[in-house]
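Content type compact mmCIF, C-alpha atoms, from the file target39.txt:
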```txt
# COMPACT_ATOMS: atom_id res chain seq x y z
CA MET A 51 9.62 -36.78 -9.84
CA GLY A 52 6.50 -36.29 -7.75
CA THR A 53 5.21 -33.03 -6.24
CA THR A 54 3.40 -32.27 -3.01
CA ALA A 55 -0.34 -31.58 -3.26
CA ASN A 56 -0.44 -28.17 -1.54
CA ARG A 57 2.78 -26.37 -2.54
CA SER A 58 3.94 -28.46 -5.52
CA TYR A 59 7.34 -29.07 -3.97
CA PRO A 60 9.26 -31.76 -5.88
CA TYR A 61 10.38 -35.01 -4.32
CA PRO A 62 11.96 -38.15 -5.76
CA GLU A 63 9.81 -41.22 -6.26
CA THR A 64 11.08 -44.77 -5.85
CA THR A 65 11.23 -45.22 -9.62
CA ASP A 66 13.40 -42.09 -10.19
CA ASN A 67 17.13 -42.28 -10.79
CA ILE A 68 19.13 -41.54 -7.67
CA ASP A 69 20.35 -37.90 -7.80
CA VAL A 70 20.53 -36.56 -4.24
CA PRO A 71 22.24 -33.23 -5.16
CA GLY A 72 19.82 -32.64 -8.06
CA ASP A 73 16.76 -33.51 -5.95
CA ILE A 74 17.86 -31.21 -3.12
CA GLU A 75 18.53 -28.42 -5.62
CA ALA A 76 15.08 -28.84 -7.20
CA LEU A 77 13.45 -28.69 -3.77
CA ALA A 78 15.53 -25.65 -2.73
CA ASP A 79 14.63 -23.82 -5.97
CA ALA A 80 10.92 -24.53 -5.47
CA ILE A 81 11.01 -23.30 -1.86
CA ASP A 82 13.00 -20.22 -2.87
CA ALA A 83 10.45 -19.33 -5.58
CA ASP A 84 7.56 -19.93 -3.16
CA VAL A 85 9.07 -17.71 -0.47
CA GLU A 86 9.80 -14.95 -3.03
CA THR A 87 6.17 -15.00 -4.14
CA ALA A 88 4.94 -14.79 -0.54
CA THR A 89 7.35 -12.14 0.70
CA GLY A 90 8.31 -10.18 -2.40
CA THR A 91 7.66 -6.45 -2.51
CA THR A 92 6.52 -4.23 -5.31
CA ASP A 93 7.17 -0.50 -5.16
CA SER A 94 5.48 2.21 -7.18
CA ASN A 95 6.17 5.93 -7.40
CA ASP A 96 2.73 6.32 -8.94
CA PRO A 97 0.18 4.25 -6.95
CA GLY A 98 -2.77 6.36 -8.11
CA ALA A 99 -3.82 9.84 -9.17
CA VAL A 100 -3.54 13.19 -7.41
CA GLN A 101 -6.86 15.06 -7.41
CA ALA A 102 -7.84 18.60 -8.41
CA GLY A 103 -6.70 21.21 -5.92
CA PHE A 104 -3.61 19.22 -4.93
CA THR A 105 -0.15 18.64 -6.38
CA LEU A 106 2.59 16.23 -5.42
CA TRP A 107 5.34 17.72 -3.26
CA THR A 108 9.03 16.81 -3.46
CA LEU A 109 8.72 13.19 -2.30
CA GLY A 110 5.56 12.61 -4.35
CA ALA A 111 3.53 9.46 -3.90
CA LYS A 112 4.83 6.01 -3.02
CA GLY A 113 3.09 2.70 -2.71
CA THR A 114 4.56 -0.59 -1.55
CA LEU A 115 2.95 -4.01 -1.75
CA ALA A 116 4.55 -6.76 0.33
CA LEU A 117 3.74 -10.31 1.37
CA GLY A 118 2.30 -11.07 -2.04
CA GLY A 119 0.14 -7.91 -2.07
CA LYS A 120 -1.34 -8.54 1.38
CA LEU A 121 0.54 -5.74 3.15
CA VAL A 122 0.10 -2.24 1.73
CA GLN A 123 2.01 0.93 2.59
CA VAL A 124 1.00 4.26 1.06
CA TRP A 125 2.98 7.48 1.48
CA LEU A 126 1.68 10.78 0.08
CA ASP A 127 3.53 14.09 0.09
CA LEU A 128 1.04 16.72 -1.11
CA ASN A 129 0.55 20.47 -1.51
CA ASN A 130 -2.92 22.02 -1.44
CA ALA A 131 -3.88 24.89 -3.77
CA SER A 132 -6.43 26.51 -1.46
CA THR A 133 -7.10 26.76 2.27
CA LEU A 134 -9.00 23.85 3.82
CA THR A 135 -11.20 25.33 6.54
CA ALA A 136 -11.71 23.38 9.75
CA THR A 137 -14.98 24.00 11.57
CA SER A 138 -14.95 22.66 15.13
CA GLY A 139 -12.14 20.33 14.03
CA ASN A 140 -13.97 19.01 10.99
CA LEU A 141 -12.99 19.48 7.36
CA SER A 142 -15.47 18.99 4.57
CA ASP A 143 -14.43 15.56 3.28
CA THR A 144 -11.74 16.51 0.78
CA THR A 145 -10.49 13.98 -1.76
CA CYS A 146 -6.79 14.53 -2.34
CA TYR A 147 -5.78 11.28 -4.08
CA VAL A 148 -7.31 8.10 -5.54
CA LEU A 149 -5.35 4.85 -5.29
CA ASP A 150 -5.07 2.31 -8.09
CA ALA A 151 -6.92 -0.98 -7.54
CA ALA A 152 -3.85 -2.92 -6.27
CA TYR A 153 -3.43 -0.48 -3.35
CA ARG A 154 -7.07 -0.18 -2.30
CA PRO A 155 -8.43 -1.63 0.94
CA ASP A 156 -10.73 -4.62 0.68
CA ALA A 157 -14.45 -4.07 0.06
CA ASP A 158 -16.26 -2.58 3.08
CA HIS A 159 -12.96 -1.67 4.77
CA TYR A 160 -11.88 1.88 5.55
CA VAL A 161 -8.33 2.65 6.64
CA PRO A 162 -7.82 5.61 9.00
CA PHE A 163 -4.66 7.72 8.79
CA SER A 164 -3.13 10.82 10.36
CA PHE A 165 -1.58 13.69 8.47
CA ASN A 166 0.69 16.54 9.44
CA THR A 167 1.61 19.86 7.84
CA GLY A 168 4.14 20.94 10.44
CA ALA A 169 1.57 23.43 11.78
CA VAL A 170 -1.64 21.41 11.74
CA GLN A 171 -2.39 17.77 12.47
CA GLY A 172 -5.36 15.96 11.05
CA SER A 173 -6.92 12.68 10.08
CA GLY A 174 -8.75 11.04 7.25
CA GLN A 175 -9.47 7.70 5.67
CA ILE A 176 -8.90 5.56 2.61
CA GLY A 177 -12.03 3.89 1.31
CA PRO A 178 -12.42 0.63 -0.60
CA ASP A 179 -12.84 2.74 -3.75
CA GLY A 180 -9.29 4.05 -3.23
CA VAL A 181 -10.43 7.57 -2.31
CA VAL A 182 -7.99 9.23 0.10
CA SER A 183 -10.04 11.77 2.02
CA LEU A 184 -8.92 14.44 4.51
CA GLN A 185 -11.65 14.73 7.16
CA ALA A 186 -10.50 16.51 10.32
CA ALA A 187 -7.80 18.94 11.42
CA THR A 188 -6.68 20.86 14.50
CA GLY A 189 -6.97 24.11 12.51
CA ASN A 190 -7.23 25.48 9.00
CA VAL A 191 -4.87 23.89 6.48
CA ALA A 192 -3.40 26.98 4.79
CA SER A 193 -3.03 27.16 1.04
CA GLY A 194 0.35 25.77 -0.03
CA SER A 195 0.70 23.55 3.03
CA HIS A 196 2.98 20.54 2.89
CA ILE A 197 0.63 17.67 3.75
CA ARG A 198 2.33 14.38 4.69
CA LEU A 199 0.43 11.18 5.32
CA GLN A 200 1.18 7.49 5.57
CA ALA A 201 -1.06 4.45 5.91
CA VAL A 202 -0.13 0.81 6.43
CA TYR A 203 -2.77 -1.93 6.26
CA LEU A 204 -3.42 -5.58 5.51
CA LYS A 205 -5.61 -6.98 2.75
CA ALA A 206 -7.33 -10.37 2.76
```
If you convert what's in this file into structure tokens, what do you get?
Amino acid sequence: MGTTANRSYPYPETTDNIDVPGDIEALADAIDADVETATGTTDSNDPGAVQAGFTLWTLGAKGTLALGGKLVQVWLDLNNASTLTATSGNLSDTTCYVLDAAYRPDADHYVPFSFNTGAVQGSGQIGPDGVVSLQAATGNVASGSHIRLQAVYLKA
């Protein structure tokens, strides 16, 4: 049985015994495994570490890797211990979470996101070091606020 150069799919050679059902099954199994590798998803309820001054809220943290780790979705449901003060719409860059390596953007890439508390909207970014940073808000983020954010991005 030979295999293709790029994807290693099996095919019968002229010297192989004739087994059409077996050959088709071998090819189908190889394609099925290849597609699963390319499109499979991995979910984690712990894609990193919550940082000082924050706790996980009811839904916690969720990370999903899809398309063989190329597509990343991060969902954080946080509670802050102290008020985050917005000055002219800016927050002091506040690290709320750090993502594990598998969920981090590629080197030199920063992923913007929006967050919402129900009373205040804001924005931030995820850096290639996995740091999730709150950076701007429409007002002060009161102590005990329910901060919800989601980011979806592609990796090389």
Next item on the list: For each of A:Ala192, A:Val182, A:Leu117, A:Leu149, take the minimum atom-to-atom distance to A:Lys205, counting all atoms listed in the file, then give the residue where this is smallest.
Entry: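 For A:Lys205, the nearest of the candidates is A:Leu117.
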Checklist line | Nearest to A:Asp79 by atom-to-atom distance, counting only C-alpha atoms, from A:Asn130, A:Ser94, A:Leu184, A:Tyr59 | finding: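 Among the listed residues, A:Tyr59 lies closest to A:Asp79.
The nearest approach to A:Asp158 among the residues A:Val70, A:Leu115, A:Ala78, A:Ile176, with all atoms listed in the file taken into account, belongs to A:Ile176.
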Next item on the list: Find the residue from A:Ser195, A:Gly52, A:Ala83, A:Gly174 that sits nearest to A:Asp127; use only C-alpha atoms when measuring.
Entry: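 Using only C-alpha atoms, A:Asp127 sits closest to A:Ser195.
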Note to self: Could you check the closest approach to A:Val202 for each of A:Lys112, A:Leu121, A:Thr137, A:Thr53 and tell me which residue wins, using all atoms listed in the file?
What the structure shows: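 Result for the nearest residue to A:Val202: A:Leu121.
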Margin query: Would you pick out the contacts of A:Met51 at 8 Å or less, using all atoms listed in the file, so that residues sharing its chain but fewer than 4 positions from it are not included, and give the list as a PyMOL selection string?
Written below: chain A and resi 60-63+66
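Of note, atom CA of A:Gly180 and atom CA of A:Trp125 are spaced 13.6 Å apart.
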Check: Which value, in Å to one decimal, gives the distance between atom CA of A:His196 and atom CA of A:Leu128?
Finding: 5.9 Å
Checklist line | Shortest interatomic distance to A:Asn129 - which of A:Ile197, A:Ala111, A:Ala187, A:Val100, counting all atoms listed in the file | finding: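 Looking only at the distances to A:Asn129, the closest residue turns out to be A:Ile197.
Near A:Ser138, within 10 Å and counting only C-alpha atoms, sit Ala186, Ala187, Thr188 and Gly189 of chain A; same-chain residues fewer than 5 positions away were not included.
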Serialized selection, C-alpha atoms, as a PDB file, keeping the file's coordinate frame:
```pdb
ATOM      1  CA  ALA A 186     -10.500  16.510  10.320  1.00  0.00           C
ATOM      2  CA  ALA A 187      -7.800  18.940  11.420  1.00  0.00           C
ATOM      3  CA  THR A 188      -6.680  20.860  14.500  1.00  0.00           C
ATOM      4  CA  GLY A 189      -6.970  24.110  12.510  1.00  0.00           C
TER       5      GLY A 189
END
```
Report the centre and edge lengths, in Å to one decimal, of an axis-aligned box enclosing every atom of stretch 121-131 of chain A listed in the file, padded by 3 Å on each side, as AutoDock Vina command-line options.
```
--center_x -0.2 --center_y 9.6 --center_z -0.3 --size_x 13.4 --size_y 36.6 --size_z 12.9
```
Checklist line | Shell of 8 Å around A:Thr91, all atoms listed in the file, local chain residues under 2 positions omitted, as a ChimeraX atom specification | finding: /A:89,93,114-119
Notebook entry, point to check: Hey, can you check how far atom CA of A:Ala99 sits from atom CA of A:Asn166?
Noted result: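 Computing the Euclidean distance for atom CA of A:Ala99 and atom CA of A:Asn166 yields 20.3 Å.
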Neighbouring residues of A:Leu204 were defined as those with any atom within 8 Å, considering all atoms listed in the file; residues of the same chain fewer than 5 positions away were excluded. Please report them as an mmCIF file with C-alpha atoms, in the coordinates of the input.
```cif
data_model
loop_
_atom_site.group_PDB
_atom_site.id
_atom_site.type_symbol
_atom_site.label_atom_id
_atom_site.label_comp_id
_atom_site.auth_asym_id
_atom_site.auth_seq_id
_atom_site.Cartn_x
_atom_site.Cartn_y
_atom_site.Cartn_z
ATOM 1 C CA LYS A 120 -1.340 -8.540 1.380
ATOM 2 C CA LEU A 121 0.540 -5.740 3.150
ATOM 3 C CA VAL A 122 0.100 -2.240 1.730
ATOM 4 C CA PRO A 155 -8.430 -1.630 0.940
#
```
Check: Could you list as an NGL selection string every residue that has an atom within 10 Å of (-2.2, 11.3, 14.3), using the file's coordinates and counting only C-alpha atoms?
Finding: :A and (162-166 or 171-174 or 187 or 199)
Next item on the list: Taking (-9.4, 11.9, -7.4) in the file's own coordinates, collect the residues within 8 Å, counting only C-alpha atoms, and hand them back as a list in words.
Entry: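 Residues satisfying the cut-off, written out: Ala99, Val100, Gln101, Ala102, Thr145, Cys146, Tyr147, Val148 and Val181 of chain A.
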